[in-house]
Amino acid sequence: MSDQYTADEMMTVAAARQLRDGTACFVGIGLPSTAANLARATHAPNLVLIYESGCLGAKPDRLPLSIGDGVLADTADAVVSVPEVFNYWLQPGRIDVGFLGAAQLDRYGNINTTVIGGDYADPKVRLPGAGGAPEIAASCGEVVVIVRQNLRTFTERVDFVTSVGYGTGPGDRQRLGLRGGGPRIVITDLGILEPHPDTCALTLTRLHPGVTVEQARAATGWDLAVADRPSTNEPPTTDELAVLRALEATKGTR
């Protein structure tokens with residue numbers, strides 16, 4: 001029996017469970033970093049964390065504040081230049097999993113982290129930008145996306161394609177010459193979506209405990225496809241919650 005937990009905790013645990021021991025994971029800051037560090041502290045001790053700043057095999061004992069946090073360099077197997085991370089590790093396809101967040105996401109898994117509303121030169125909101133996300137989405141063996149599900153984020157069409165998922169459907173990644181496999185799974189605070197094998201459109205395949213299909217559809221800005229019998233995810237275990245909360249308590253510490 002697990003303890004009481006929040007929707008964010010369920011989402012983070014579900015995301016961590018997707019990471020397999022012994023694989024190399026290119027990690028973004030925020031929710032992806034929390035989930036990746038949770039995985040390494042529980043079922044995947046040999047997960048290799050790679051950060052854009054050039055830290056290979058980082059083993060932080062607290063959650064890093066940014067990709068430039070010194071704890072990543074202090075605990076890494078190696079620290080290389082940023083161009084080397086991209087030229088010799090990411091773009092040649094040597095990294096198994098890319099772990100990304102999103103400000104906007106559409107039905108084909110395309111991600112926007114650049115601008116919201118208006119046009120590029122004069123948007124309503126200018127976001128932090130691309131960073132390494134386009135290359136991660138293009139070149140990793142697969143991509144895991146972790147994002148809260150609501151009408152603001154799950155949009156019919158993203159305002160700007162920062163990172164390509166499946167473009168407009170089947171064949172677009174191949175046409176664009178993208179090496180990686182694209183988004184394998186999208187984990188939200190409501191459930192899990194996976195690309196349909198024929199259409200590449202994100203399909204709701206699993207729900208978190210207590211969440212309904214109607215709730216997921218109401219939080220989606222397009223006509224969300226749903227599997228015939230979506231399953232229910234296992235709630236967080238007591239151990240997963242204890243480790244996650246201990247990690248969260250390290251935020252901002254030195």
# chains A, B, ... in the order shown; residues from 1 in each chain; ligands from 1
$ closest_atom_pairs --of "range 121-155 of chain A" --to "range 201-210 of chain A" --cutoff "12 Å" --atoms "only C-alpha atoms" --output "Markdown table"
| residue | atom | partner | partner_atom | distance |
| --- | --- | --- | --- | --- |
| A:Val145 | CA | A:Leu202 | CA | 11.7 |
| A:Gln149 | CA | A:Leu204 | CA | 11.8 |
| A:Phe154 | CA | A:Leu202 | CA | 10.9 |
$ write_last_selection --atoms "all heavy atoms" --output "PDB file, in the first residue's frame"
ATOM      1  N   VAL A 145       8.710  12.344 -22.975  1.00  0.00           N
ATOM      2  CA  VAL A 145       8.281  13.703 -22.656  1.00  0.00           C
ATOM      3  C   VAL A 145       7.491  13.664 -21.353  1.00  0.00           C
ATOM      4  O   VAL A 145       6.626  12.802 -21.170  1.00  0.00           O
ATOM      5  CB  VAL A 145       7.403  14.295 -23.775  1.00  0.00           C
ATOM      6  CG1 VAL A 145       6.986  15.723 -23.433  1.00  0.00           C
ATOM      7  CG2 VAL A 145       8.144  14.259 -25.113  1.00  0.00           C
ATOM      8  N   GLN A 149      -0.763  18.108 -18.188  1.00  0.00           N
ATOM      9  CA  GLN A 149      -1.772  18.087 -19.258  1.00  0.00           C
ATOM     10  C   GLN A 149      -2.879  19.089 -18.969  1.00  0.00           C
ATOM     11  O   GLN A 149      -3.629  18.960 -18.000  1.00  0.00           O
ATOM     12  CB  GLN A 149      -2.352  16.677 -19.392  1.00  0.00           C
ATOM     13  CG  GLN A 149      -3.225  16.483 -20.612  1.00  0.00           C
ATOM     14  CD  GLN A 149      -3.503  15.014 -20.884  1.00  0.00           C
ATOM     15  OE1 GLN A 149      -2.869  14.144 -20.301  1.00  0.00           O
ATOM     16  NE2 GLN A 149      -4.436  14.736 -21.759  1.00  0.00           N
ATOM     17  N   PHE A 154      -1.538  21.379 -24.117  1.00  0.00           N
ATOM     18  CA  PHE A 154      -1.911  20.402 -25.145  1.00  0.00           C
ATOM     19  C   PHE A 154      -2.753  21.109 -26.209  1.00  0.00           C
ATOM     20  O   PHE A 154      -3.975  21.168 -26.110  1.00  0.00           O
ATOM     21  CB  PHE A 154      -2.670  19.234 -24.510  1.00  0.00           C
ATOM     22  CG  PHE A 154      -1.774  18.171 -23.945  1.00  0.00           C
ATOM     23  CD1 PHE A 154      -0.814  18.495 -23.004  1.00  0.00           C
ATOM     24  CD2 PHE A 154      -1.878  16.855 -24.355  1.00  0.00           C
ATOM     25  CE1 PHE A 154       0.034  17.520 -22.481  1.00  0.00           C
ATOM     26  CE2 PHE A 154      -1.046  15.881 -23.839  1.00  0.00           C
ATOM     27  CZ  PHE A 154      -0.080  16.216 -22.898  1.00  0.00           C
TER      28      PHE A 154
END
$ residues_around --residues "range 125-133 of chain A" --least-positions-apart "4" --cutoff "12 Å" --atoms "only C-alpha atoms" --output "PyMOL selection string"
chain A and resi 26-29+50-54+67+82-83+85-87+90-91+98-104+110-121+137-140+143-145+159-165
$ select_by_dssp --residues "range 19-161 of chain A" --states "helix (DSSP H, G or I)" --output "ChimeraX atom specification"
/A:31-41,70-75,82-90,133-139
$ write_last_selection --atoms "N, CA, C and O atoms" --output "compact mmCIF listing (two decimals), in the first residue's frame"
# COMPACT_ATOMS: atom_id res chain seq x y z
N LEU A 31 11.37 18.82 -14.36
CA LEU A 31 10.75 17.52 -14.15
C LEU A 31 11.56 16.36 -14.73
O LEU A 31 11.69 15.31 -14.10
N PRO A 32 12.16 16.50 -15.95
CA PRO A 32 12.97 15.40 -16.46
C PRO A 32 14.14 15.05 -15.55
O PRO A 32 14.45 13.86 -15.34
N SER A 33 14.81 16.06 -14.99
CA SER A 33 15.94 15.80 -14.11
C SER A 33 15.49 15.12 -12.82
O SER A 33 16.14 14.19 -12.34
N THR A 34 14.37 15.56 -12.27
CA THR A 34 13.85 14.93 -11.05
C THR A 34 13.53 13.46 -11.30
O THR A 34 13.91 12.58 -10.52
N ALA A 35 12.84 13.16 -12.41
CA ALA A 35 12.47 11.78 -12.72
C ALA A 35 13.70 10.93 -13.00
O ALA A 35 13.77 9.77 -12.55
N ALA A 36 14.68 11.47 -13.72
CA ALA A 36 15.88 10.69 -14.04
C ALA A 36 16.68 10.39 -12.78
O ALA A 36 17.20 9.27 -12.61
N ASN A 37 16.80 11.36 -11.89
CA ASN A 37 17.53 11.11 -10.65
C ASN A 37 16.77 10.16 -9.74
O ASN A 37 17.39 9.38 -9.00
N LEU A 38 15.44 10.19 -9.78
CA LEU A 38 14.65 9.22 -9.03
C LEU A 38 14.89 7.82 -9.56
O LEU A 38 15.07 6.87 -8.79
N ALA A 39 14.93 7.66 -10.87
CA ALA A 39 15.19 6.35 -11.46
C ALA A 39 16.54 5.81 -11.03
O ALA A 39 16.69 4.64 -10.66
N ARG A 40 17.56 6.67 -11.05
CA ARG A 40 18.92 6.23 -10.68
C ARG A 40 19.01 5.86 -9.21
O ARG A 40 19.78 4.98 -8.82
N ALA A 41 18.17 6.51 -8.39
CA ALA A 41 18.20 6.23 -6.95
C ALA A 41 17.32 5.05 -6.55
O ALA A 41 17.35 4.63 -5.39
N GLY A 70 27.34 23.01 -10.25
CA GLY A 70 28.64 22.38 -10.01
C GLY A 70 28.55 20.94 -9.56
O GLY A 70 29.49 20.17 -9.78
N VAL A 71 27.43 20.53 -8.93
CA VAL A 71 27.32 19.16 -8.46
C VAL A 71 27.38 18.17 -9.62
O VAL A 71 27.81 17.03 -9.45
N LEU A 72 26.99 18.60 -10.81
CA LEU A 72 27.04 17.70 -11.97
C LEU A 72 28.49 17.43 -12.38
O LEU A 72 28.88 16.28 -12.62
N ALA A 73 29.30 18.47 -12.46
CA ALA A 73 30.71 18.30 -12.81
C ALA A 73 31.45 17.55 -11.71
O ALA A 73 32.31 16.69 -11.99
N ASP A 74 31.14 17.86 -10.45
CA ASP A 74 31.83 17.23 -9.33
C ASP A 74 31.62 15.72 -9.30
O ASP A 74 32.49 14.97 -8.84
N THR A 75 30.47 15.26 -9.78
CA THR A 75 30.12 13.83 -9.66
C THR A 75 30.16 13.09 -10.99
O THR A 75 29.83 11.90 -11.03
N VAL A 82 30.76 21.41 -24.61
CA VAL A 82 29.41 21.31 -25.16
C VAL A 82 29.43 20.83 -26.61
O VAL A 82 28.65 19.94 -26.98
N PRO A 83 30.31 21.38 -27.49
CA PRO A 83 30.34 20.86 -28.86
C PRO A 83 30.63 19.37 -28.92
O PRO A 83 30.09 18.66 -29.78
N GLU A 84 31.46 18.86 -28.01
CA GLU A 84 31.77 17.43 -28.03
C GLU A 84 30.55 16.59 -27.65
O GLU A 84 30.31 15.53 -28.23
N VAL A 85 29.76 17.08 -26.67
CA VAL A 85 28.54 16.36 -26.30
C VAL A 85 27.65 16.18 -27.53
O VAL A 85 27.13 15.09 -27.79
N PHE A 86 27.50 17.25 -28.30
CA PHE A 86 26.60 17.19 -29.45
C PHE A 86 27.24 16.48 -30.64
O PHE A 86 26.61 15.62 -31.26
N ASN A 87 28.47 16.80 -30.95
CA ASN A 87 29.11 16.26 -32.15
C ASN A 87 29.47 14.79 -32.04
O ASN A 87 29.40 14.04 -33.03
N TYR A 88 29.89 14.35 -30.85
CA TYR A 88 30.42 12.99 -30.70
C TYR A 88 29.52 12.05 -29.93
O TYR A 88 29.71 10.84 -29.98
N TRP A 89 28.53 12.60 -29.21
CA TRP A 89 27.67 11.73 -28.42
C TRP A 89 26.23 11.76 -28.91
O TRP A 89 25.65 10.72 -29.23
N LEU A 90 25.66 12.95 -29.01
CA LEU A 90 24.24 13.05 -29.33
C LEU A 90 23.95 12.83 -30.81
O LEU A 90 23.20 11.92 -31.18
N ALA A 133 17.29 20.95 -27.00
CA ALA A 133 16.11 20.11 -27.22
C ALA A 133 15.91 19.67 -28.67
O ALA A 133 15.57 18.51 -28.91
N PRO A 134 16.09 20.54 -29.68
CA PRO A 134 15.89 20.07 -31.06
C PRO A 134 16.81 18.91 -31.43
O PRO A 134 16.38 17.96 -32.10
N GLU A 135 18.07 18.98 -30.99
CA GLU A 135 19.00 17.90 -31.29
C GLU A 135 18.66 16.63 -30.51
O GLU A 135 18.82 15.52 -31.02
N ILE A 136 18.22 16.81 -29.27
CA ILE A 136 17.79 15.65 -28.48
C ILE A 136 16.63 14.95 -29.17
O ILE A 136 16.62 13.73 -29.35
N ALA A 137 15.63 15.74 -29.58
CA ALA A 137 14.45 15.18 -30.24
C ALA A 137 14.80 14.55 -31.58
O ALA A 137 14.16 13.59 -32.01
N ALA A 138 15.83 15.06 -32.24
CA ALA A 138 16.20 14.56 -33.57
C ALA A 138 17.03 13.30 -33.50
O ALA A 138 16.90 12.42 -34.37
N SER A 139 17.90 13.16 -32.49
CA SER A 139 18.96 12.17 -32.58
C SER A 139 18.96 11.06 -31.54
O SER A 139 19.63 10.05 -31.73
$ atom_distance --atom1 "CA of Asp21 in chain A" --atom2 "CA of Arg62 in chain A"
19.7 Å
$ residues_around --residues "Leu241 in chain A" --least-positions-apart "6" --cutoff "10 Å" --atoms "only C-alpha atoms" --output "list in words"
Ser2, Asp3, Gln4, Tyr5, Glu9, Met10, Thr12, Val13, Leu38, Pro235 and Leu247 of chain A
$ closest_residue --among "A:Gly109, A:Pro64, A:Pro170, A:Gly221" --to "Thr155 in chain A" --atoms "only C-alpha atoms"
A:Gly221
$ select_by_dssp --residues "range 77-213 of chain A" --states "strand (DSSP E or B)" --output "PyMOL selection string"
chain A and resi 78-79+97-100+104-105+111-112+115-116+125-126+142-146+154+163+183-187+191-195+202-207
$ write_last_selection --atoms "N, CA and C atoms" --output "mmCIF file, in the first residue's frame"
data_model
loop_
_atom_site.group_PDB
_atom_site.id
_atom_site.type_symbol
_atom_site.label_atom_id
_atom_site.label_comp_id
_atom_site.auth_asym_id
_atom_site.auth_seq_id
_atom_site.Cartn_x
_atom_site.Cartn_y
_atom_site.Cartn_z
ATOM 1 N N ALA A 78 33.070 12.092 -16.551
ATOM 2 C CA ALA A 78 33.902 12.941 -17.406
ATOM 3 C C ALA A 78 33.151 14.229 -17.686
ATOM 4 N N VAL A 79 33.909 15.294 -17.898
ATOM 5 C CA VAL A 79 33.337 16.567 -18.301
ATOM 6 C C VAL A 79 34.000 16.978 -19.608
ATOM 7 N N VAL A 97 18.159 7.538 -24.711
ATOM 8 C CA VAL A 97 16.897 8.190 -24.367
ATOM 9 C C VAL A 97 17.115 9.686 -24.168
ATOM 10 N N GLY A 98 16.247 10.486 -24.758
ATOM 11 C CA GLY A 98 16.199 11.907 -24.469
ATOM 12 C C GLY A 98 14.988 12.194 -23.606
ATOM 13 N N PHE A 99 15.167 12.998 -22.578
ATOM 14 C CA PHE A 99 14.105 13.248 -21.608
ATOM 15 C C PHE A 99 13.778 14.728 -21.644
ATOM 16 N N LEU A 100 12.591 15.098 -22.140
ATOM 17 C CA LEU A 100 12.260 16.488 -22.392
ATOM 18 C C LEU A 100 10.962 16.923 -21.714
ATOM 19 N N GLN A 104 4.380 23.780 -24.934
ATOM 20 C CA GLN A 104 3.246 23.359 -25.760
ATOM 21 C C GLN A 104 3.595 22.035 -26.424
ATOM 22 N N LEU A 105 2.552 21.232 -26.648
ATOM 23 C CA LEU A 105 2.716 19.931 -27.298
ATOM 24 C C LEU A 105 1.494 19.700 -28.172
ATOM 25 N N ILE A 111 7.079 19.806 -30.075
ATOM 26 C CA ILE A 111 7.259 20.568 -28.842
ATOM 27 C C ILE A 111 7.583 22.022 -29.143
ATOM 28 N N ASN A 112 6.987 22.910 -28.366
ATOM 29 C CA ASN A 112 7.322 24.331 -28.425
ATOM 30 C C ASN A 112 7.883 24.778 -27.084
ATOM 31 N N VAL A 115 8.234 30.441 -28.311
ATOM 32 C CA VAL A 115 7.350 31.611 -28.177
ATOM 33 C C VAL A 115 5.900 31.155 -28.106
ATOM 34 N N ILE A 116 5.086 31.961 -27.423
ATOM 35 C CA ILE A 116 3.646 31.719 -27.339
ATOM 36 C C ILE A 116 2.922 32.944 -27.881
ATOM 37 N N VAL A 125 4.455 35.801 -25.295
ATOM 38 C CA VAL A 125 5.401 35.316 -24.287
ATOM 39 C C VAL A 125 6.620 34.746 -25.011
ATOM 40 N N ARG A 126 7.798 35.168 -24.584
ATOM 41 C CA ARG A 126 9.025 34.561 -25.114
ATOM 42 C C ARG A 126 9.564 33.600 -24.056
ATOM 43 N N GLU A 142 15.226 7.293 -28.589
ATOM 44 C CA GLU A 142 13.814 7.538 -28.319
ATOM 45 C C GLU A 142 13.714 8.734 -27.402
ATOM 46 N N VAL A 143 12.520 9.328 -27.341
ATOM 47 C CA VAL A 143 12.300 10.503 -26.506
ATOM 48 C C VAL A 143 11.155 10.220 -25.544
ATOM 49 N N VAL A 144 11.359 10.581 -24.289
ATOM 50 C CA VAL A 144 10.315 10.545 -23.276
ATOM 51 C C VAL A 144 9.993 11.986 -22.920
ATOM 52 N N VAL A 145 8.710 12.344 -22.975
ATOM 53 C CA VAL A 145 8.281 13.703 -22.656
ATOM 54 C C VAL A 145 7.491 13.664 -21.353
ATOM 55 N N ILE A 146 7.793 14.591 -20.454
ATOM 56 C CA ILE A 146 7.036 14.704 -19.214
ATOM 57 C C ILE A 146 6.486 16.127 -19.130
ATOM 58 N N PHE A 154 -1.538 21.379 -24.117
ATOM 59 C CA PHE A 154 -1.911 20.402 -25.145
ATOM 60 C C PHE A 154 -2.753 21.109 -26.209
ATOM 61 N N SER A 163 11.060 21.562 -31.311
ATOM 62 C CA SER A 163 11.594 20.202 -31.407
ATOM 63 C C SER A 163 10.575 19.329 -32.128
ATOM 64 N N PRO A 183 9.338 10.646 -30.172
ATOM 65 C CA PRO A 183 8.728 10.453 -28.853
ATOM 66 C C PRO A 183 8.071 9.080 -28.726
ATOM 67 N N ARG A 184 8.561 8.296 -27.787
ATOM 68 C CA ARG A 184 7.998 6.965 -27.537
ATOM 69 C C ARG A 184 6.819 7.039 -26.593
ATOM 70 N N ILE A 185 6.858 8.022 -25.680
ATOM 71 C CA ILE A 185 5.829 8.082 -24.655
ATOM 72 C C ILE A 185 5.756 9.509 -24.108
ATOM 73 N N VAL A 186 4.549 9.949 -23.769
ATOM 74 C CA VAL A 186 4.332 11.242 -23.126
ATOM 75 C C VAL A 186 3.661 10.956 -21.788
ATOM 76 N N ILE A 187 4.298 11.393 -20.706
ATOM 77 C CA ILE A 187 3.770 11.159 -19.370
ATOM 78 C C ILE A 187 3.254 12.463 -18.812
ATOM 79 N N GLY A 191 -2.103 10.790 -17.113
ATOM 80 C CA GLY A 191 -1.890 9.453 -17.648
ATOM 81 C C GLY A 191 -0.725 9.404 -18.601
ATOM 82 N N ILE A 192 -0.782 8.442 -19.504
ATOM 83 C CA ILE A 192 0.304 8.189 -20.444
ATOM 84 C C ILE A 192 -0.257 8.116 -21.858
ATOM 85 N N LEU A 193 0.416 8.797 -22.777
ATOM 86 C CA LEU A 193 0.049 8.787 -24.189
ATOM 87 C C LEU A 193 1.196 8.185 -24.984
ATOM 88 N N GLU A 194 0.841 7.435 -26.023
ATOM 89 C CA GLU A 194 1.838 6.827 -26.896
ATOM 90 C C GLU A 194 1.423 7.034 -28.353
ATOM 91 N N PRO A 195 2.386 7.153 -29.272
ATOM 92 C CA PRO A 195 2.028 7.360 -30.677
ATOM 93 C C PRO A 195 1.362 6.121 -31.268
ATOM 94 N N LEU A 202 -0.738 10.957 -30.942
ATOM 95 C CA LEU A 202 -0.677 10.543 -29.551
ATOM 96 C C LEU A 202 -2.019 9.967 -29.113
ATOM 97 N N THR A 203 -1.951 8.800 -28.471
ATOM 98 C CA THR A 203 -3.141 8.073 -28.054
ATOM 99 C C THR A 203 -3.055 7.785 -26.563
ATOM 100 N N LEU A 204 -4.117 8.059 -25.836
ATOM 101 C CA LEU A 204 -4.146 7.789 -24.401
ATOM 102 C C LEU A 204 -4.223 6.278 -24.186
ATOM 103 N N THR A 205 -3.191 5.717 -23.574
ATOM 104 C CA THR A 205 -3.152 4.271 -23.363
ATOM 105 C C THR A 205 -3.258 3.871 -21.897
ATOM 106 N N ARG A 206 -2.895 4.795 -20.988
ATOM 107 C CA ARG A 206 -2.934 4.483 -19.561
ATOM 108 C C ARG A 206 -3.380 5.710 -18.772
ATOM 109 N N LEU A 207 -4.123 5.466 -17.721
ATOM 110 C CA LEU A 207 -4.577 6.530 -16.833
ATOM 111 C C LEU A 207 -3.949 6.350 -15.458
#
$ closest_residue --among "A:Leu151, A:Ala249, A:Cys25, A:Ile95" --to "Trp222 in chain A" --atoms "only C-alpha atoms"
A:Leu151
$ closest_residue --among "A:Thr253, A:Ser66, A:Thr23, A:Thr232" --to "Val48 in chain A" --atoms "only C-alpha atoms"
A:Thr23
$ atom_distance --atom1 "CA of Gly57 in chain A" --atom2 "CA of Asp77 in chain A"
5.1 Å
$ closest_residue --among "A:Ala58, A:Leu19, A:Ala24, A:Ala225" --to "Thr199 in chain A" --atoms "only C-alpha atoms"
A:Ala225
$ closest_residue --among "A:Cys55, A:Asp223, A:Gly93, A:Gly22" --to "Ala76 in chain A" --atoms "only C-alpha atoms"
A:Cys55
$ closest_residue --among "A:Lys59, A:Arg152, A:His196, A:Arg157" --to "Asp106 in chain A" --atoms "only C-alpha atoms"
A:Arg157
$ atom_distance --atom1 "CA of Thr153 in chain A" --atom2 "CA of Glu248 in chain A"
24.0 Å
